[in-house]
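Colleague: Below you'll find model-v4.txt; it's compact mmCIF, N, CA and C atoms.
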```txt
# COMPACT_ATOMS: atom_id res chain seq x y z
N MET A 1 -21.78 23.40 4.73
CA MET A 1 -23.11 23.53 4.21
C MET A 1 -24.05 22.62 5.00
N ILE A 2 -25.18 23.13 5.32
CA ILE A 2 -26.18 22.35 6.05
C ILE A 2 -27.46 22.35 5.22
N ARG A 3 -28.10 21.19 5.20
CA ARG A 3 -29.34 21.07 4.45
C ARG A 3 -30.36 20.34 5.31
N ARG A 4 -31.53 20.89 5.39
CA ARG A 4 -32.62 20.24 6.11
C ARG A 4 -33.16 19.13 5.23
N THR A 5 -33.34 17.96 5.82
CA THR A 5 -33.84 16.83 5.05
C THR A 5 -34.74 15.98 5.92
N SER A 6 -35.41 15.09 5.30
CA SER A 6 -36.29 14.18 6.03
C SER A 6 -35.83 12.76 5.74
N ILE A 7 -35.54 11.99 6.79
CA ILE A 7 -35.11 10.60 6.62
C ILE A 7 -35.86 9.72 7.61
N ASN A 8 -35.94 8.46 7.28
CA ASN A 8 -36.55 7.48 8.17
C ASN A 8 -35.45 6.88 9.05
N LEU A 9 -35.61 6.98 10.34
CA LEU A 9 -34.60 6.48 11.28
C LEU A 9 -35.21 5.43 12.19
N ASP A 10 -34.40 4.43 12.51
CA ASP A 10 -34.76 3.45 13.52
C ASP A 10 -34.54 4.14 14.87
N LEU A 11 -35.61 4.51 15.53
CA LEU A 11 -35.51 5.31 16.75
C LEU A 11 -34.84 4.56 17.90
N ASP A 12 -34.99 3.24 17.93
CA ASP A 12 -34.28 2.47 18.95
C ASP A 12 -32.77 2.54 18.71
N LEU A 13 -32.37 2.48 17.45
CA LEU A 13 -30.95 2.58 17.11
C LEU A 13 -30.42 3.98 17.41
N VAL A 14 -31.21 4.99 17.11
CA VAL A 14 -30.81 6.37 17.43
C VAL A 14 -30.61 6.52 18.93
N GLU A 15 -31.52 5.99 19.70
CA GLU A 15 -31.41 6.09 21.16
C GLU A 15 -30.18 5.35 21.68
N GLU A 16 -29.92 4.18 21.13
CA GLU A 16 -28.72 3.43 21.54
C GLU A 16 -27.45 4.21 21.17
N ALA A 17 -27.43 4.76 19.96
CA ALA A 17 -26.28 5.56 19.52
C ALA A 17 -26.12 6.80 20.39
N ARG A 18 -27.23 7.42 20.75
CA ARG A 18 -27.20 8.62 21.60
C ARG A 18 -26.54 8.28 22.94
N THR A 19 -26.87 7.14 23.49
CA THR A 19 -26.28 6.71 24.75
C THR A 19 -24.78 6.46 24.59
N VAL A 20 -24.42 5.75 23.54
CA VAL A 20 -23.02 5.42 23.29
C VAL A 20 -22.19 6.67 23.02
N LEU A 21 -22.75 7.58 22.22
CA LEU A 21 -22.00 8.77 21.81
C LEU A 21 -22.10 9.92 22.80
N GLY A 22 -23.04 9.84 23.72
CA GLY A 22 -23.20 10.90 24.71
C GLY A 22 -23.79 12.17 24.13
N THR A 23 -24.63 12.03 23.12
CA THR A 23 -25.25 13.18 22.49
C THR A 23 -26.64 13.41 23.05
N LYS A 24 -27.19 14.60 22.77
CA LYS A 24 -28.51 14.93 23.32
C LYS A 24 -29.61 14.90 22.27
N THR A 25 -29.33 15.38 21.08
CA THR A 25 -30.37 15.48 20.07
C THR A 25 -30.13 14.46 18.95
N THR A 26 -31.18 14.23 18.17
CA THR A 26 -31.04 13.31 17.03
C THR A 26 -30.03 13.86 16.03
N THR A 27 -30.09 15.15 15.76
CA THR A 27 -29.13 15.76 14.83
C THR A 27 -27.70 15.58 15.32
N ASP A 28 -27.47 15.87 16.61
CA ASP A 28 -26.12 15.69 17.17
C ASP A 28 -25.69 14.23 17.08
N THR A 29 -26.61 13.33 17.29
CA THR A 29 -26.30 11.90 17.24
C THR A 29 -25.91 11.48 15.83
N VAL A 30 -26.69 11.91 14.85
CA VAL A 30 -26.38 11.57 13.45
C VAL A 30 -25.04 12.18 13.04
N HIS A 31 -24.81 13.44 13.40
CA HIS A 31 -23.53 14.07 13.06
C HIS A 31 -22.36 13.35 13.73
N ALA A 32 -22.50 13.00 15.00
CA ALA A 32 -21.42 12.30 15.70
C ALA A 32 -21.16 10.94 15.07
N ALA A 33 -22.21 10.24 14.68
CA ALA A 33 -22.04 8.94 14.04
C ALA A 33 -21.36 9.08 12.69
N LEU A 34 -21.72 10.10 11.93
CA LEU A 34 -21.08 10.33 10.64
C LEU A 34 -19.61 10.68 10.81
N ARG A 35 -19.30 11.56 11.80
CA ARG A 35 -17.90 11.90 12.08
C ARG A 35 -17.12 10.67 12.47
N ASP A 36 -17.72 9.81 13.29
CA ASP A 36 -17.05 8.59 13.73
C ASP A 36 -16.78 7.66 12.55
N ALA A 37 -17.74 7.54 11.65
CA ALA A 37 -17.56 6.67 10.47
C ALA A 37 -16.42 7.19 9.59
N VAL A 38 -16.38 8.51 9.37
CA VAL A 38 -15.32 9.10 8.55
C VAL A 38 -13.97 8.93 9.23
N ARG A 39 -13.91 9.16 10.54
CA ARG A 39 -12.66 9.02 11.29
C ARG A 39 -12.13 7.59 11.21
N LYS A 40 -13.02 6.63 11.38
CA LYS A 40 -12.60 5.22 11.32
C LYS A 40 -12.04 4.86 9.96
N GLU A 41 -12.68 5.37 8.89
CA GLU A 41 -12.19 5.07 7.55
C GLU A 41 -10.83 5.71 7.31
N ARG A 42 -10.65 6.94 7.78
CA ARG A 42 -9.36 7.62 7.63
C ARG A 42 -8.26 6.88 8.40
N LEU A 43 -8.58 6.43 9.61
CA LEU A 43 -7.60 5.67 10.39
C LEU A 43 -7.26 4.35 9.71
N GLU A 44 -8.25 3.73 9.11
CA GLU A 44 -8.02 2.48 8.39
C GLU A 44 -7.06 2.71 7.22
N ARG A 45 -7.28 3.80 6.48
CA ARG A 45 -6.38 4.12 5.37
C ARG A 45 -4.97 4.40 5.87
N LEU A 46 -4.86 5.14 6.98
CA LEU A 46 -3.53 5.42 7.54
C LEU A 46 -2.83 4.16 8.00
N SER A 47 -3.59 3.22 8.56
CA SER A 47 -2.98 2.00 9.07
C SER A 47 -2.41 1.13 7.95
N LYS A 48 -2.90 1.34 6.73
CA LYS A 48 -2.43 0.54 5.59
C LYS A 48 -1.25 1.18 4.87
N ARG A 49 -0.92 2.42 5.25
CA ARG A 49 0.21 3.10 4.61
C ARG A 49 1.52 2.55 5.14
N ARG A 50 2.51 2.63 4.30
CA ARG A 50 3.87 2.26 4.72
C ARG A 50 4.55 3.52 5.24
N TRP A 51 5.18 3.40 6.39
CA TRP A 51 5.82 4.55 7.03
C TRP A 51 7.34 4.36 7.15
N ASP A 52 7.87 3.30 6.55
CA ASP A 52 9.29 3.02 6.72
C ASP A 52 10.21 4.01 6.01
N HIS A 53 9.66 4.85 5.14
CA HIS A 53 10.47 5.86 4.45
C HIS A 53 10.64 7.13 5.29
N MET A 54 9.95 7.21 6.42
CA MET A 54 10.00 8.41 7.23
C MET A 54 11.31 8.45 8.04
N PRO A 55 11.82 9.65 8.30
CA PRO A 55 13.08 9.76 9.04
C PRO A 55 12.95 9.27 10.49
N GLU A 56 14.06 8.87 11.04
CA GLU A 56 14.13 8.43 12.44
C GLU A 56 13.57 9.51 13.36
N GLY A 57 12.70 9.12 14.28
CA GLY A 57 12.18 10.04 15.28
C GLY A 57 11.02 10.91 14.81
N TRP A 58 10.49 10.64 13.64
CA TRP A 58 9.41 11.49 13.12
C TRP A 58 8.15 11.43 13.96
N VAL A 59 7.87 10.29 14.57
CA VAL A 59 6.67 10.18 15.40
C VAL A 59 6.81 11.07 16.63
N ASP A 60 7.97 11.05 17.25
CA ASP A 60 8.20 11.90 18.42
C ASP A 60 8.08 13.38 18.06
N GLU A 61 8.61 13.76 16.89
CA GLU A 61 8.50 15.14 16.44
C GLU A 61 7.04 15.52 16.22
N LEU A 62 6.30 14.62 15.63
CA LEU A 62 4.88 14.87 15.37
C LEU A 62 4.13 15.04 16.68
N ARG A 63 4.42 14.20 17.65
CA ARG A 63 3.76 14.29 18.94
C ARG A 63 4.08 15.59 19.67
N ARG A 64 5.30 16.11 19.46
CA ARG A 64 5.70 17.37 20.09
C ARG A 64 5.19 18.57 19.31
N GLY A 65 4.58 18.33 18.16
CA GLY A 65 4.05 19.41 17.34
C GLY A 65 5.10 20.04 16.44
N GLU A 66 6.25 19.38 16.30
CA GLU A 66 7.28 19.90 15.41
C GLU A 66 6.89 19.56 13.97
N HIS A 67 7.38 20.37 13.06
CA HIS A 67 7.05 20.17 11.65
C HIS A 67 8.14 19.39 10.95
N TRP A 68 7.74 18.57 9.99
CA TRP A 68 8.68 17.81 9.18
C TRP A 68 8.08 17.71 7.80
N ASP A 69 8.92 17.51 6.84
CA ASP A 69 8.47 17.37 5.45
C ASP A 69 8.56 15.92 5.05
N GLU A 70 7.44 15.38 4.63
CA GLU A 70 7.41 14.00 4.16
C GLU A 70 8.02 13.94 2.77
N PRO A 71 8.95 13.02 2.54
CA PRO A 71 9.53 12.89 1.20
C PRO A 71 8.44 12.51 0.20
N ARG A 72 8.56 12.97 -0.99
CA ARG A 72 7.57 12.68 -2.03
C ARG A 72 7.94 11.45 -2.81
```
Please, can you express the file's structure as structure tokens?

Modeller:
Amino acid sequence: MIRRTSINLDLDLVEEARTVLGTKTTTDTVHAALRDAVRKERLERLSKRRWDHMPEGWVDELRRGEHWDEPR
């Protein structure tokens, strides 16, 4: 879902983010920044999980695209 809205932006910050993110438009810059914020939070949650219950070699299987079932 997309919604047109009006927000106040620090244009210097938008320009700096545009340079860092390699985006062209303000909309692309805001979307990229939001995606980055969500990705970072998800990675943070994953980093706090315990993975010692996973079977031997599960990371290698995941990297090869093989499927495995996580125990519940």

Colleague: Record the distance separating CA of Val14 in chain A and CA of Thr26 in chain A, expressed in Å with one decimal.

Modeller: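 Calculated distance between CA of Val14 in chain A and CA of Thr26 in chain A is 7.0 Å.
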
Colleague: Would you give me, as a ChimeraX atom specification, the residues in chain A that DSSP reads as helix (DSSP H, G or I)?

Modeller: /A:11-21,26-47,58-64

Colleague: Name the closest residue to Ser6 in chain A among the candidates A:Pro55, A:Asp36, A:Thr27, A:Glu44; distances are taken between atoms, counting only C-alpha atoms.

Modeller: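 With only C-alpha atoms as the atom set, the closest residue is A:Thr27.
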
Colleague: Edge lengths and centre, in Å to one decimal, as AutoDock Vina command-line options: that's what I need for the box along x, y and z that holds all listed atoms of range 21-32 of chain A plus 6 Å on each side.

Modeller:
```
--center_x -26.2 --center_y 11.7 --center_z 18.9 --size_x 22.0 --size_y 20.3 --size_z 23.7
```

Colleague: By how many Å are atom N of Glu16 in chain A and CA of Arg45 in chain A apart?

Modeller: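 Taking atom N of Glu16 in chain A as the start and CA of Arg45 in chain A as the end point, the length is 28.3 Å.
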
Colleague: Enter the distance from atom N of Asn8 in chain A to atom N of Gly22 in chain A, in Å, rounded to one decimal.

Modeller: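 Separating atom N of Asn8 in chain A from atom N of Gly22 in chain A is a distance of 20.9 Å.
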
Colleague: Using only N, CA and C atoms, pick whichever of A:Arg49, A:Arg4, A:Arg64, A:Arg18 has the shortest atom-to-atom distance to Val30 in chain A.

Modeller: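 Of the candidates, the smallest distance to Val30 in chain A is held by A:Arg18.
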